[in-house]
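Asks: Structure: my_file09.csv, CSV, C-alpha atoms and all ligand atoms.
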chain,number,residue,atom,x,y,z
A,1,MET,CA,194.5,100.5,139.7
A,2,THR,CA,196.8,97.7,138.3
A,3,ILE,CA,200.3,98.2,137.0
A,4,ASP,CA,200.9,95.7,134.2
A,5,ARG,CA,204.2,94.5,132.9
A,6,ASN,CA,205.4,94.1,129.3
A,7,ILE,CA,202.4,95.4,127.4
A,8,ASP,CA,202.2,95.9,123.7
A,9,LEU,CA,201.5,99.6,123.0
A,10,ALA,CA,200.1,99.0,119.5
A,11,PRO,CA,196.4,99.3,120.7
A,12,TYR,CA,197.3,102.5,122.6
A,13,THR,CA,198.5,104.5,119.6
A,14,THR,CA,197.0,105.5,116.3
A,15,PHE,CA,200.1,104.6,114.3
A,16,GLY,CA,199.6,101.0,115.6
A,17,MET,CA,203.3,100.1,115.9
A,18,HIS,CA,204.2,97.1,118.0
A,19,ALA,CA,206.5,98.0,120.9
A,20,ALA,CA,206.5,96.8,124.5
A,21,ALA,CA,206.2,99.1,127.5
A,22,GLU,CA,208.0,97.9,130.6
A,23,HIS,CA,205.0,98.9,132.7
A,24,VAL,CA,201.6,100.3,131.9
A,25,VAL,CA,199.0,101.8,134.2
A,26,VAL,CA,195.6,103.2,133.3
A,27,VAL,CA,194.6,106.1,135.6
A,28,THR,CA,191.0,107.3,136.0
A,29,THR,CA,191.3,109.7,138.8
A,30,LEU,CA,193.7,112.4,140.1
A,31,ASP,CA,194.4,110.2,143.1
A,32,GLU,CA,195.3,107.2,140.9
A,33,LEU,CA,197.6,109.5,138.9
A,34,ARG,CA,199.4,110.5,142.1
A,35,GLN,CA,199.7,106.9,143.2
A,36,ALA,CA,201.2,105.9,139.8
A,37,LEU,CA,203.7,108.7,140.0
A,38,ALA,CA,204.6,107.8,143.5
A,39,TRP,CA,205.2,104.1,142.4
A,40,ALA,CA,207.4,105.2,139.6
A,41,HIS,CA,209.3,107.4,142.0
A,42,GLU,CA,209.8,104.6,144.5
A,43,GLN,CA,211.0,102.2,141.8
A,44,ALA,CA,213.3,105.0,140.4
A,45,LEU,CA,211.6,104.5,137.0
A,46,PRO,CA,211.0,107.2,134.3
A,47,TRP,CA,207.4,107.8,133.4
A,48,ARG,CA,205.5,109.1,130.4
A,49,ILE,CA,201.9,110.2,129.9
A,50,LEU,CA,199.9,108.7,127.0
A,51,GLY,CA,196.6,110.3,126.0
A,52,GLY,CA,195.0,109.0,122.8
A,53,GLY,CA,198.4,108.1,121.4
A,54,SER,CA,197.6,110.1,118.3
A,55,ASN,CA,200.7,112.1,118.2
A,56,VAL,CA,203.4,109.5,119.0
A,57,LEU,CA,205.7,107.3,116.9
A,58,LEU,CA,207.1,104.3,118.8
A,59,THR,CA,210.6,103.4,117.5
A,60,GLY,CA,211.4,100.8,120.1
A,61,ASP,CA,210.4,99.3,123.4
A,62,VAL,CA,209.6,101.8,126.1
A,63,SER,CA,211.3,101.5,129.5
A,64,GLY,CA,209.8,102.7,132.8
A,65,LEU,CA,206.1,103.4,133.4
A,66,VAL,CA,203.6,104.5,130.7
A,67,ILE,CA,200.6,106.2,132.4
A,68,VAL,CA,197.5,106.1,130.2
A,69,MET,CA,195.4,109.1,131.0
A,70,ARG,CA,191.7,108.3,131.4
A,71,ILE,CA,190.5,110.8,133.9
A,72,ALA,CA,186.9,111.4,132.8
A,73,GLY,CA,184.3,114.1,133.7
A,74,ARG,CA,182.2,116.9,132.2
A,75,ASP,CA,181.0,119.9,134.2
A,76,VAL,CA,178.9,122.7,132.7
A,77,THR,CA,178.4,126.2,134.0
A,78,ILE,CA,176.0,128.4,132.0
A,79,ASP,CA,176.5,132.2,132.2
A,80,GLY,CA,174.2,134.0,129.8
A,81,ASP,CA,175.4,133.1,126.3
A,82,ASP,CA,178.6,131.6,127.6
A,83,VAL,CA,178.9,127.9,128.5
A,84,LEU,CA,181.9,126.9,130.4
A,85,ILE,CA,182.7,123.2,130.0
A,86,THR,CA,185.3,121.5,132.2
A,87,CYS,CA,186.4,118.2,131.0
A,88,GLY,CA,188.7,115.5,132.4
A,89,ALA,CA,192.0,115.1,130.6
A,90,GLY,CA,191.1,111.6,129.6
A,91,GLU,CA,187.9,112.5,127.7
A,92,VAL,CA,188.1,111.9,124.0
A,93,TRP,CA,188.4,115.2,122.1
A,94,HIS,CA,186.0,114.3,119.3
A,95,ASP,CA,183.4,113.0,121.8
A,96,ILE,CA,183.4,116.4,123.6
A,97,VAL,CA,183.1,118.3,120.3
A,98,THR,CA,180.2,116.0,119.3
A,99,TRP,CA,178.5,116.5,122.7
A,100,THR,CA,178.8,120.4,122.5
A,101,VAL,CA,177.4,120.4,118.9
A,102,GLU,CA,174.5,118.1,120.1
A,103,GLN,CA,173.7,120.7,122.8
A,104,GLY,CA,173.6,123.4,120.1
A,105,TRP,CA,176.7,125.1,121.5
A,106,SER,CA,179.2,126.7,119.2
A,107,GLY,CA,183.0,127.0,119.3
A,108,LEU,CA,184.6,123.6,118.8
A,109,GLU,CA,182.8,122.5,115.6
A,110,ASN,CA,185.8,123.2,113.3
A,111,MET,CA,187.9,120.9,115.3
A,112,ALA,CA,185.7,117.8,114.9
A,113,LEU,CA,187.4,114.5,114.4
A,114,ILE,CA,190.8,115.6,115.6
A,115,PRO,CA,192.1,112.4,117.2
A,116,GLY,CA,193.3,112.5,120.8
A,117,THR,CA,192.3,113.4,124.3
A,118,ILE,CA,191.3,116.7,126.0
A,119,GLY,CA,194.5,116.7,128.1
A,120,ALA,CA,196.6,116.6,124.9
A,121,ALA,CA,194.7,119.5,123.2
A,122,PRO,CA,196.4,122.4,125.0
A,123,MET,CA,199.8,120.6,124.9
A,124,GLN,CA,200.2,121.2,121.2
A,125,ASN,CA,197.4,123.7,120.8
A,126,ILE,CA,195.5,121.6,118.3
A,127,GLY,CA,193.6,123.3,115.5
A,128,ALA,CA,191.9,122.8,112.2
A,129,TYR,CA,190.0,124.7,109.6
A,130,GLY,CA,190.8,128.2,110.9
A,131,VAL,CA,190.3,127.6,114.6
A,132,GLU,CA,192.8,126.6,117.3
A,133,GLN,CA,191.7,125.2,120.7
A,134,ALA,CA,193.4,128.4,122.2
A,135,SER,CA,190.5,130.4,120.9
A,136,CYS,CA,188.0,128.7,123.2
A,137,PHE,CA,190.4,127.9,126.0
A,138,VAL,CA,189.8,129.4,129.4
A,139,SER,CA,192.1,127.4,131.7
A,140,CYS,CA,193.5,124.0,132.6
A,141,ASP,CA,194.3,122.3,135.9
A,142,VAL,CA,197.8,121.1,136.0
A,143,LEU,CA,199.5,118.7,138.4
A,144,ASP,CA,203.0,119.8,139.3
A,145,VAL,CA,204.8,116.5,139.7
A,146,THR,CA,207.6,117.9,141.8
A,147,THR,CA,205.4,119.4,144.5
A,148,GLY,CA,202.2,117.3,144.0
A,149,THR,CA,200.0,120.4,143.9
A,150,VAL,CA,197.4,121.2,141.3
A,151,THR,CA,197.4,124.8,139.8
A,152,THR,CA,195.1,126.5,137.4
A,153,PHE,CA,196.8,127.9,134.3
A,154,ASP,CA,195.0,130.6,132.3
A,155,ARG,CA,195.6,131.2,128.6
A,156,ASP,CA,198.6,133.5,129.1
A,157,ALA,CA,200.3,131.0,131.4
A,158,CYS,CA,200.1,128.4,128.6
A,159,ALA,CA,202.0,130.5,126.1
A,160,PHE,CA,200.1,129.1,123.1
A,161,GLY,CA,201.5,129.4,119.6
A,162,TYR,CA,201.0,127.4,116.4
A,163,ARG,CA,201.1,123.8,117.7
A,164,GLU,CA,203.0,125.1,120.7
A,165,SER,CA,202.6,125.7,124.4
A,166,VAL,CA,204.6,125.9,127.6
A,167,PHE,CA,203.8,122.2,128.2
A,168,LYS,CA,205.9,121.1,125.2
A,169,HIS,CA,208.9,123.0,126.5
A,170,ALA,CA,209.7,124.4,130.0
A,171,LEU,CA,207.1,122.2,131.8
A,172,ARG,CA,207.6,119.1,129.6
A,173,ASP,CA,208.7,116.7,132.4
A,174,THR,CA,207.1,118.3,135.4
A,175,ALA,CA,203.5,119.2,134.5
A,176,ILE,CA,200.5,117.0,133.8
A,177,ILE,CA,197.2,118.5,132.6
A,178,VAL,CA,194.3,116.9,134.5
A,179,SER,CA,191.4,118.9,133.2
A,180,VAL,CA,190.6,121.7,130.8
A,181,THR,CA,187.9,124.4,130.7
A,182,TYR,CA,186.6,125.7,127.4
A,183,ARG,CA,184.2,128.5,126.7
A,184,VAL,CA,181.6,127.7,124.0
A,185,HIS,CA,178.5,129.7,123.2
A,186,GLN,CA,174.7,129.2,123.0
A,187,THR,CA,174.5,131.5,119.9
A,188,ALA,CA,176.5,130.4,116.9
A,189,ARG,CA,179.9,132.1,116.2
A,190,LEU,CA,181.1,130.3,113.2
A,191,VAL,CA,184.3,130.4,111.3
A,192,THR,CA,183.6,129.4,107.7
A,193,SER,CA,186.4,131.3,105.9
A,194,TYR,CA,188.7,128.3,105.5
A,195,ARG,CA,188.6,127.4,101.8
A,196,ASP,CA,187.7,123.7,102.2
A,197,VAL,CA,184.9,124.5,104.7
A,198,ALA,CA,183.4,127.2,102.5
A,199,ASP,CA,183.5,124.9,99.5
A,200,GLU,CA,182.0,122.0,101.4
A,201,LEU,CA,179.1,124.1,102.7
A,202,HIS,CA,178.5,125.5,99.2
A,203,ALA,CA,178.5,122.0,97.7
A,204,ARG,CA,175.9,121.0,100.4
A,205,GLY,CA,173.7,123.9,99.5
A,206,VAL,CA,174.0,125.4,103.0
A,207,GLN,CA,173.6,129.1,102.9
A,208,VAL,CA,173.1,130.0,106.6
A,209,PRO,CA,175.1,127.4,108.4
A,210,THR,CA,174.5,126.1,112.0
A,211,PRO,CA,177.3,124.7,114.2
A,212,ARG,CA,176.0,121.3,113.2
A,213,ASP,CA,176.4,122.1,109.5
A,214,VAL,CA,180.0,123.2,110.0
A,215,PHE,CA,180.7,120.1,112.1
A,216,ASP,CA,179.2,117.9,109.4
A,217,ALA,CA,181.3,119.7,106.7
A,218,VAL,CA,184.5,119.3,108.7
A,219,VAL,CA,183.8,115.6,109.3
A,220,ALA,CA,183.1,115.0,105.6
A,221,ILE,CA,186.3,116.8,104.6
A,222,ARG,CA,188.5,115.0,107.1
A,223,LYS,CA,187.0,111.6,106.1
A,224,ARG,CA,187.7,112.4,102.4
A,225,LYS,CA,191.3,113.6,102.9
A,226,LEU,CA,192.7,112.1,106.0
A,227,PRO,CA,193.2,108.3,106.6
A,228,ASP,CA,191.0,106.9,109.5
A,229,PRO,CA,193.5,105.6,112.1
A,230,ALA,CA,191.1,102.6,112.7
A,231,GLU,CA,191.9,101.6,109.1
A,232,ILE,CA,195.4,102.9,108.3
A,233,GLY,CA,197.8,103.7,111.1
A,234,ASN,CA,198.8,107.4,111.2
A,235,ALA,CA,199.3,110.3,113.5
A,236,GLY,CA,197.8,113.1,111.4
A,237,SER,CA,200.2,115.7,110.2
A,238,PHE,CA,203.7,114.4,110.7
A,239,PHE,CA,205.4,117.8,110.3
A,240,LYS,CA,204.4,121.4,111.2
A,241,ASN,CA,203.8,123.9,108.5
A,242,PRO,CA,207.1,125.8,108.4
A,243,VAL,CA,207.1,129.6,108.9
A,244,VAL,CA,209.9,131.1,106.9
A,245,PRO,CA,211.3,134.7,106.4
A,246,ARG,CA,209.8,136.6,103.5
A,247,ALA,CA,213.2,136.4,101.6
A,248,THR,CA,213.1,132.5,101.7
A,249,TYR,CA,209.6,132.6,100.2
A,250,ASP,CA,210.7,135.2,97.5
A,251,THR,CA,213.5,132.9,96.4
A,252,LEU,CA,211.2,129.9,96.3
A,253,ALA,CA,208.5,131.9,94.4
A,254,THR,CA,210.9,132.7,91.5
A,255,SER,CA,210.8,129.0,90.6
A,256,TYR,CA,207.3,128.1,92.0
A,257,GLN,CA,205.0,131.1,91.3
A,258,ASP,CA,201.9,129.1,92.4
A,259,ALA,CA,203.3,128.0,95.7
A,260,PRO,CA,200.5,128.3,98.3
A,261,HIS,CA,201.5,130.5,101.2
A,262,TYR,CA,200.0,132.4,104.1
A,263,VAL,CA,201.3,135.8,105.2
A,264,GLN,CA,201.7,136.0,109.0
A,265,ALA,CA,201.0,139.1,111.1
A,266,ASP,CA,204.8,139.8,111.4
A,267,GLY,CA,205.4,139.5,107.7
A,268,SER,CA,206.9,136.0,107.7
A,269,ILE,CA,205.3,133.3,105.5
A,270,LYS,CA,203.7,130.0,106.5
A,271,LEU,CA,204.2,127.4,103.8
A,272,PRO,CA,202.1,124.2,103.6
A,273,ALA,CA,204.4,121.3,104.3
A,274,ALA,CA,202.0,119.1,102.4
A,275,TRP,CA,202.7,121.1,99.2
A,276,LEU,CA,206.5,121.1,99.7
A,277,ILE,CA,206.4,117.3,100.3
A,278,ASP,CA,204.0,116.7,97.4
A,279,THR,CA,206.1,118.8,95.0
A,280,CYS,CA,209.1,116.6,95.9
A,281,GLY,CA,207.1,113.7,94.6
A,282,TRP,CA,206.5,111.8,97.9
A,283,LYS,CA,202.7,111.6,97.9
A,284,GLY,CA,201.6,108.0,97.7
A,285,TYR,CA,205.1,106.7,98.2
A,286,ARG,CA,205.2,103.2,99.8
A,287,SER,CA,208.0,101.0,101.0
A,288,GLY,CA,206.9,97.8,102.6
A,289,ASP,CA,204.1,98.9,105.0
A,290,ALA,CA,205.4,102.4,105.6
A,291,GLY,CA,204.4,105.2,103.3
A,292,VAL,CA,203.1,108.7,102.6
A,293,HIS,CA,199.3,109.0,102.4
A,294,ALA,CA,197.9,109.1,98.8
A,295,ARG,CA,195.6,112.0,99.5
A,296,GLN,CA,197.5,114.1,102.0
A,297,ALA,CA,201.3,114.3,101.7
A,298,LEU,CA,201.7,115.5,105.2
A,299,VAL,CA,200.5,112.3,106.7
A,300,LEU,CA,202.8,109.3,107.0
A,301,VAL,CA,201.1,106.0,107.3
A,302,ASN,CA,201.5,102.4,108.6
A,303,TYR,CA,199.7,100.0,106.3
A,304,GLY,CA,200.1,97.2,108.8
A,305,SER,CA,203.4,96.1,110.2
A,306,ALA,CA,205.7,99.0,109.5
A,307,ARG,CA,208.3,99.7,112.2
A,308,GLY,CA,208.8,103.1,113.7
A,309,ALA,CA,212.3,103.2,112.3
A,310,GLU,CA,210.9,102.8,108.8
A,311,ILE,CA,208.5,105.7,109.2
A,312,LEU,CA,211.3,107.8,110.7
A,313,ASP,CA,213.6,106.9,107.8
A,314,ILE,CA,211.0,108.2,105.3
A,315,ALA,CA,210.5,111.3,107.4
A,316,GLN,CA,214.2,112.0,107.3
A,317,ARG,CA,214.4,111.5,103.6
A,318,ILE,CA,211.5,113.9,103.1
A,319,GLN,CA,213.2,116.5,105.4
A,320,SER,CA,216.4,116.2,103.4
A,321,ASP,CA,214.6,116.5,100.0
A,322,VAL,CA,212.6,119.6,101.1
A,323,ARG,CA,215.8,121.1,102.5
A,324,GLU,CA,217.7,120.5,99.3
A,325,ARG,CA,214.9,121.7,96.9
A,326,PHE,CA,213.4,124.6,98.9
A,327,GLY,CA,216.0,125.5,101.5
A,328,VAL,CA,213.3,124.9,104.1
A,329,GLU,CA,213.5,122.9,107.4
A,330,LEU,CA,210.5,120.7,108.3
A,331,GLU,CA,210.0,120.3,112.0
A,332,ARG,CA,208.3,117.2,113.3
A,333,GLU,CA,204.9,117.6,114.9
A,334,VAL,CA,204.8,114.0,116.1
A,335,ASN,CA,206.7,113.0,119.2
A,336,VAL,CA,209.1,110.2,118.7
A,337,TRP,CA,209.5,107.7,121.6
B,1,LIG,N1,198.4,120.3,99.6
B,1,LIG,C1,199.2,119.7,98.7
B,1,LIG,N2,199.3,118.4,98.7
B,1,LIG,C2,198.7,117.6,99.5
B,1,LIG,C3,197.8,118.1,100.5
B,1,LIG,C4,197.7,119.5,100.5
B,1,LIG,O1,199.8,120.4,97.9
B,1,LIG,O2,198.9,116.4,99.5
B,1,LIG,C5,198.2,121.7,99.7
B,1,LIG,C6,196.8,122.1,99.6
B,1,LIG,O3,196.4,122.4,98.3
B,1,LIG,C7,196.7,123.4,100.4
B,1,LIG,C8,197.8,123.2,101.4
B,1,LIG,O4,198.6,122.2,101.0
B,1,LIG,O5,197.1,124.5,99.6
B,1,LIG,C9,197.2,123.0,102.8
B,1,LIG,O6,196.5,121.8,102.9
B,1,LIG,P1,195.4,121.5,103.9
B,1,LIG,O7,194.3,122.6,103.9
B,1,LIG,O8,194.9,120.1,103.7
B,1,LIG,O9,196.0,121.7,105.3
B,1,LIG,P2,197.5,121.3,105.9
B,1,LIG,O10,198.2,122.6,106.1
B,1,LIG,O11,198.1,120.2,105.2
B,1,LIG,C10,196.7,121.8,108.4
B,1,LIG,C11,196.9,121.1,109.7
B,1,LIG,C12,195.9,119.9,109.9
B,1,LIG,C13,194.5,120.5,109.7
B,1,LIG,C14,194.4,121.2,108.4
B,1,LIG,C15,193.1,121.9,108.2
B,1,LIG,C16,199.2,121.4,110.4
B,1,LIG,C17,200.6,120.7,110.5
B,1,LIG,N3,198.3,120.6,109.9
B,1,LIG,O12,197.1,120.8,107.4
B,1,LIG,O13,196.1,119.4,111.2
B,1,LIG,O14,193.6,119.5,109.8
B,1,LIG,O15,195.4,122.2,108.2
B,1,LIG,O16,193.0,123.0,109.0
B,1,LIG,O17,199.1,122.5,110.7
B,1,LIG,C18,197.3,117.8,112.4
B,1,LIG,O18,197.9,118.8,112.9
B,1,LIG,O19,197.6,116.6,112.7
B,1,LIG,C19,196.4,118.1,111.4
B,1,LIG,C20,195.8,117.1,110.6
Would you mind writing the file's structure down as structure tokens?
Ligand code: EPU
Replies:
Amino acid sequence: MTIDRNIDLAPYTTFGMHAAAEHVVVVTTLDELRQALAWAHEQALPWRILGGGSNVLLTGDVSGLVIVMRIAGRDVTIDGDDVLITCGAGEVWHDIVTWTVEQGWSGLENMALIPGTIGAAPMQNIGAYGVEQASCFVSCDVLDVTTGTVTTFDRDACAFGYRESVFKHALRDTAIIVSVTYRVHQTARLVTSYRDVADELHARGVQVPTPRDVFDAVVAIRKRKLPDPAEIGNAGSFFKNPVVPRATYDTLATSYQDAPHYVQADGSIKLPAAWLIDTCGWKGYRSGDAGVHARQALVLVNYGSARGAEILDIAQRIQSDVRERFGVELEREVNVW
């Protein structure tokens, strides 16, 4: 394990902004993680964990120690139709999804191609096309930084919500996820109700889909709509889809009868942030190398050498336009460092 000084973080994040980290260490085992934390403690330095860097916007140099999580490992326990897979926090999410689909297991296929690592998945309860990781989640092992002990958290302990968990809030600075266990199935249990997925399967002439068909459909949709971070820097959806009281939606609907909206179990309404931003005219906007993706208004992009502050400026102007026009607050999904 080597602790490097003054390292450019651009290759470690999908937005690709240049910013120097004071110290960087790549950890591949729990023991190395403990050593890295002990070192930061001795030096009285703050530390942060970086997974795939797919949900982070760097707005300046980063002081202290950046710990790059690369703990690998895949364990499998088969119990009848259930397959329990336990994966190291540093495994790449899409590699795990691909591997399960190759085994013929079902459960993760709708979440193909989500950037990031396994350890980050419970953190913000990633999801796509009608499925959240919470639906397959069994437990995760968590290092308590204050005591040095590893505890197993079940689903209730994680307090999952829409792009939410206890790890984003109460345990933000004290807990590090080191492995996650998911339950997938040997027989297919597919979710194909999401409009885009249903349309894609139909267009491909698939009538009785397999997990592989759903996986392929999701990969095709994402490649069509979302920019590939290897080509254009981005961090996926920049904002969460806002959930508003029914009355807010009713007011909005008097002027925008066709506004897409999803009624929640408690009667509140989830509005697609992409539609709100698009309606304000931001889709395809570009200033220098910072912009709003031309095919998905919820994705802010770095065309090359944009600085974090420029992206943040666009984000704030979008928030202010959406507030003024619709009376709706957009909350960032991306973490700003
Ligand atoms: N829309 C627009 N303009 C656009 C794009 C979309 O008006 O530029 C409209 C669409 O017509 C549709 C609605 O907005 O009515 C929703 O669009 P879409 O189905 O593309 O999904 P989204 O709500 O924008 C969410 C997740 C994505 C996830 C997709 C598919 C959030 C914040 N984002 O996006 O997750 O892949 O659904 O399930 O919940 C991410 O979190 O980083 C992410 C990419």
Asks: Quick one: everything within 7 Å of Gly107 (chain A), counting all atoms listed in the file, minus sequence neighbours fewer than 3 positions away in the same chain. Send it as a list in words.
Replies: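 Result of the neighbour search: Cys136, Val184, His185 and Arg189 of chain A.
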Asks: Any idea what's packed within 9 Å of Arg212 (chain A), counting only C-alpha atoms, ignoring anything in its chain fewer than 3 positions away? Could you give it as an mmCIF file with C-alpha atoms, keeping the file's coordinate frame?
Replies:
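See around-v4.cif below for the written result:
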data_model
loop_
_atom_site.group_PDB
_atom_site.id
_atom_site.type_symbol
_atom_site.label_atom_id
_atom_site.label_comp_id
_atom_site.auth_asym_id
_atom_site.auth_seq_id
_atom_site.Cartn_x
_atom_site.Cartn_y
_atom_site.Cartn_z
ATOM 1 C CA VAL A 101 177.400 120.400 118.900
ATOM 2 C CA GLU A 102 174.500 118.100 120.100
ATOM 3 C CA GLY A 104 173.600 123.400 120.100
ATOM 4 C CA SER A 106 179.200 126.700 119.200
ATOM 5 C CA GLU A 109 182.800 122.500 115.600
ATOM 6 C CA PRO A 209 175.100 127.400 108.400
ATOM 7 C CA PHE A 215 180.700 120.100 112.100
ATOM 8 C CA ASP A 216 179.200 117.900 109.400
ATOM 9 C CA ALA A 217 181.300 119.700 106.700
#
Asks: Excluding same-chain residues fewer than 4 positions from Arg34 (chain A), what lies within 10 Å of it counting all atoms listed in the file, as a PyMOL selection string?
Replies: chain A and resi 27+29-30+38-40+143+145+148
Asks: Find the spatial neighbours of Lys283 (chain A), counting all atoms listed in the file, within a cut-off of 12 Å - ignore same-chain residues fewer than 2 positions away - and output them as a short mmCIF file (atom, residue, chain, number, x, y, z; two decimals) with C-alpha atoms, in the frame of the given file.
Replies:
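Writing the result to part10.cif gives the following:
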data_model
loop_
_atom_site.label_atom_id
_atom_site.label_comp_id
_atom_site.auth_asym_id
_atom_site.auth_seq_id
_atom_site.Cartn_x
_atom_site.Cartn_y
_atom_site.Cartn_z
CA ALA A 273 204.40 121.30 104.30
CA ALA A 274 202.00 119.10 102.40
CA TRP A 275 202.70 121.10 99.20
CA LEU A 276 206.50 121.10 99.70
CA ILE A 277 206.40 117.30 100.30
CA ASP A 278 204.00 116.70 97.40
CA THR A 279 206.10 118.80 95.00
CA CYS A 280 209.10 116.60 95.90
CA GLY A 281 207.10 113.70 94.60
CA TYR A 285 205.10 106.70 98.20
CA ARG A 286 205.20 103.20 99.80
CA GLY A 291 204.40 105.20 103.30
CA VAL A 292 203.10 108.70 102.60
CA HIS A 293 199.30 109.00 102.40
CA ALA A 294 197.90 109.10 98.80
CA ARG A 295 195.60 112.00 99.50
CA GLN A 296 197.50 114.10 102.00
CA ALA A 297 201.30 114.30 101.70
CA LEU A 298 201.70 115.50 105.20
CA VAL A 299 200.50 112.30 106.70
CA LEU A 300 202.80 109.30 107.00
CA VAL A 301 201.10 106.00 107.30
CA ILE A 314 211.00 108.20 105.30
CA ILE A 318 211.50 113.90 103.10
#
Asks: Just how far from CA of Asp75 (chain A) is CA of Val214 (chain A), in Å to one decimal?
Replies: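 According to the coordinates, CA of Val214 (chain A) and CA of Asp75 (chain A) are separated by 24.4 Å.
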Asks: Name the residues within 9 Å of (217.2, 131.2, 100.1), counting all atoms listed in the file in the file's coordinates, and put them as a list of chain:residue names.
Replies: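 Nearby residues: A:Ala247, A:Thr248, A:Tyr249, A:Asp250, A:Thr251, A:Leu252, A:Phe326, A:Gly327, A:Val328.
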Asks: Name the closest residue to ligand LIG 1 (chain B) among the candidates A:Thr152, A:Thr181, A:Ser54, A:Ser305; distances are taken between atoms, counting all atoms listed in the file.
Replies: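 Comparing A:Thr152, A:Thr181, A:Ser54, A:Ser305 against ligand LIG 1 (chain B), the winner is A:Ser54.
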Asks: Counting all atoms listed in the file, select every polymer residue within 8 Å of (191.8, 104.3, 135.1) as defined in the file's coordinates, and provide the selection as a list in words.
Replies: Met1, Val25, Val26, Val27, Thr28, Thr29, Glu32, Val68, Met69, Arg70 and Ile71 of chain A
Asks: Using all atoms listed in the file, which of the listed residues (A:Ala10, A:Ile3, A:Leu171, A:Ala253) sits closest to His23 (chain A)?
Replies: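 Closest to His23 (chain A) of all the choices is A:Ile3.
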Asks: Please compute the atom O2 of ligand LIG 1 (chain B)-CA of Gly53 (chain A) distance, one decimal, in Å.
Replies: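 Going from atom O2 of ligand LIG 1 (chain B) over to CA of Gly53 (chain A), I get 23.4 Å.
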Asks: Find, counting all atoms listed in the file, the residue in A:Leu84, A:Ile176, A:Leu37, A:Val219 that gets nearest to ligand LIG 1 (chain B).
Replies: A:Val219
Asks: Rank nothing, just name the residue among A:Gly267, A:Gly236, A:Pro115, A:Gly52 nearest to ligand LIG 1 (chain B), using all atoms listed in the file.
Replies: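 Smallest distance to ligand LIG 1 (chain B) is found for A:Gly236.
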Asks: So how many Å separate atom C8 of ligand LIG 1 (chain B) and CA of Pro272 (chain A), to one decimal?
Replies: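 About the pair atom C8 of ligand LIG 1 (chain B) and CA of Pro272 (chain A): they are 4.9 Å apart.
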Asks: Can you work out which one of A:Asn125, A:Thr86, A:Thr2, A:Thr59 has the shortest atom-to-atom distance to ligand LIG 1 (chain B), counting all atoms listed in the file?
Replies: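 Checking each candidate against ligand LIG 1 (chain B), we get A:Asn125 as the closest.
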